[in-house]
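Enquirer: Got a structure here, written out as structure tokens. Questions coming.
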Amino acid sequence: MQILDGKLVAQAVKDDLKQKVTILKQEGKKTPHLAAILVGTNGASETYVASKVKTCEEIGYASTLIRFEDTVDEATLLSKIRELNEDAEVDGILVQLPLPKQISEEKVINTIVAEKDVDGFHPSNIGKMVQGQPAYIPATPYGILLLLDHYKIETKGKHAVVIGRSNIVGRPMSILLSQNSPTGNCTVTLCHSHTKNLKELCLQADILVAALGRPEFLTVDMVKEGAIVIDVGITRVEDKTKKKGYAIKGDVAYETVAPKCSYITPVPGGVGAMTIAALMQNTYQAVIR
């Protein structure tokens with residue numbers, strides 16, 4: 001069993017981008033600039049955004065963090081996004097999800113211009129991705145591809161089972177693994193809450209991607225010997241034995257599943273780190289394009 005170390009690979013991606021940014025600056029070209037919008041004070045969102053801002057600083061990007069109270073109205077938020085769309089200094093825009101109930105995530109995603117949609121959620125980018133055209137790929141699936149590529153994991157001809165059909169992870173992941181590409185050419189089964197015989201399907205999988213947001217859902221009896229397991233889940237679970245009062249759990253029962261795998265991602269230290277690295281890649285591409 002080998003651990004797919006997201007922290008290690010993310011650092012390699014960041015080091016590469018840092019060198020590229022240094023060259024951009026030496027040549028008098030534009031420095032990548034990421035603008036992040038955070039609504040409210042959700043603990044997980046605060047952590048994610050702080051990590052993104054810190055990574056920008058580490059690589060040499062410019063960054064702007066815009067905060068709104070969770071009572072902000074939709075019109076005010078959309079107005080700020082349009083302002084950033086018009087700002088030539090800003091290359092990438094992300095609005096941290098989830099958002100309060102009074103704000104439509106769909107409207108927010110559609111308001112960000114596709115050229116600055118470094119999260120890869122805009123319908124234009126999703127459509128191009130489906131057709132295999134150059135596009136911003138959603139950051140988590142893109143991060144998983146970077147991880148598979150780094151470890152030179154052969155995907156061609158493998159049966160991949162993706163559990164979860166969100167527009168952010170599950171659906172794009174299933175499309176990317178099926179594409180004719182170095183980290184694709186899989187036969188893919190996309191599973192969800194209404195899938196029958198889920199356990200039997202998982203036991204057929206050479207590659208298992210767990211992205212449903214249910215702590216330790218994937219158990220050892222659902223994984224075949226030698227499978228490659230990618231754990232996308234990250235949930236705070238109450239744990240009074242921990243200093244912070246909670247533990248971070250993935251969608252995979254790691255302790256029992258890991259010994260059965262050929263490769264597995266840990267939580268934390270796996271896909272989460274790669275998501276931010278992929279976001280930084282997309283932001284660099286925004287400048288180059």
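Labeling convention for the structure tokens: chains A, B, ... as they appear, residues from 1 per chain, ligands from 1 in order of appearance.
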Just the residues within 12 Å of Leu24 in chain A, please, counting only C-alpha atoms, with nothing from its chain fewer than 4 positions along; format it as a tab-separated table (two decimals) with N, CA and C atoms, in the first residue's frame.

Expert:
```tsv
chain	number	residue	atom	x	y	z
A	17	LEU	N	5.08	26.72	-9.78
A	17	LEU	CA	4.39	27.98	-10.05
A	17	LEU	C	5.18	29.18	-9.53
A	18	LYS	N	5.84	29.01	-8.39
A	18	LYS	CA	6.65	30.09	-7.82
A	18	LYS	C	7.76	30.49	-8.79
A	19	GLN	N	8.40	29.50	-9.40
A	19	GLN	CA	9.45	29.77	-10.39
A	19	GLN	C	8.88	30.50	-11.60
A	20	LYS	N	7.71	30.06	-12.05
A	20	LYS	CA	7.07	30.68	-13.23
A	20	LYS	C	6.68	32.13	-12.95
A	28	GLY	N	8.73	41.58	-16.61
A	28	GLY	CA	7.85	42.75	-16.55
A	28	GLY	C	6.41	42.44	-16.91
A	29	LYS	N	6.04	41.16	-16.82
A	29	LYS	CA	4.67	40.75	-17.16
A	29	LYS	C	3.79	40.76	-15.91
A	30	LYS	N	2.51	40.54	-16.14
A	30	LYS	CA	1.53	40.65	-15.06
A	30	LYS	C	1.67	39.54	-14.02
A	31	THR	N	1.55	39.92	-12.74
A	31	THR	CA	1.52	38.95	-11.65
A	31	THR	C	0.10	38.42	-11.49
A	32	PRO	N	-0.09	37.11	-11.39
A	32	PRO	CA	-1.44	36.57	-11.19
A	32	PRO	C	-2.10	37.16	-9.95
A	60	GLY	N	3.66	33.92	-4.65
A	60	GLY	CA	4.00	35.23	-5.20
A	60	GLY	C	2.86	35.89	-5.96
A	61	TYR	N	1.66	35.31	-5.83
A	61	TYR	CA	0.47	35.92	-6.44
A	61	TYR	C	0.01	37.11	-5.61
A	284	TYR	N	-2.90	30.77	-12.67
A	284	TYR	CA	-1.72	31.04	-13.54
A	284	TYR	C	-2.15	31.00	-15.02
A	287	VAL	N	-3.73	34.11	-16.43
A	287	VAL	CA	-2.81	35.17	-16.82
A	287	VAL	C	-2.19	34.85	-18.18
A	288	ILE	N	-1.77	33.60	-18.36
A	288	ILE	CA	-1.10	33.19	-19.61
A	288	ILE	C	-2.04	33.32	-20.80
```

Enquirer: Would you pick out the contacts of range 68-72 of chain A at 7 Å or less, using only C-alpha atoms, so that residues sharing its chain but fewer than 4 positions from it are not included, and give the list as a list in words?

Expert: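 My reading of the contact set: Leu38, Val39, Gly40, Thr76 and Pro100 of chain A.
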
Enquirer: Out of A:Gln204, A:Val209, A:Lys240, A:Val161, which residue has the shortest atom-to-atom distance to Glu225 in chain A when counting only C-alpha atoms?

Expert: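 The closest residue to Glu225 in chain A is A:Gln204.
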
Enquirer: From the options A:Ala247, A:Ile163, A:Val188, A:Ile93, which residue's atoms come nearest to Leu218 in chain A, counting only C-alpha atoms?

Expert: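 Closest to Leu218 in chain A, using only C-alpha atoms: A:Ile163.
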
Enquirer: Give me the residues near Thr265 in chain A as a list in words, where near means some atom within 10 Å (using only C-alpha atoms) and where sequence neighbours in that chain fewer than 4 positions away do not count.

Expert: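 Selected residues are Gln2, Ile3, Leu4, Asp5, Gly6, Ile144, Leu147, Ile228, Val229, Ile230, Asp231, Val232, Gly250, Val252, Tyr254, Ala258, Gly269, Gly270, Val271 and Gly272 of chain A.
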
Enquirer: Would you mind reading off the distance between CA of Ala12 in chain A and CA of Val169 in chain A, one decimal, in Å?

Expert: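 It comes out at 22.8 Å.
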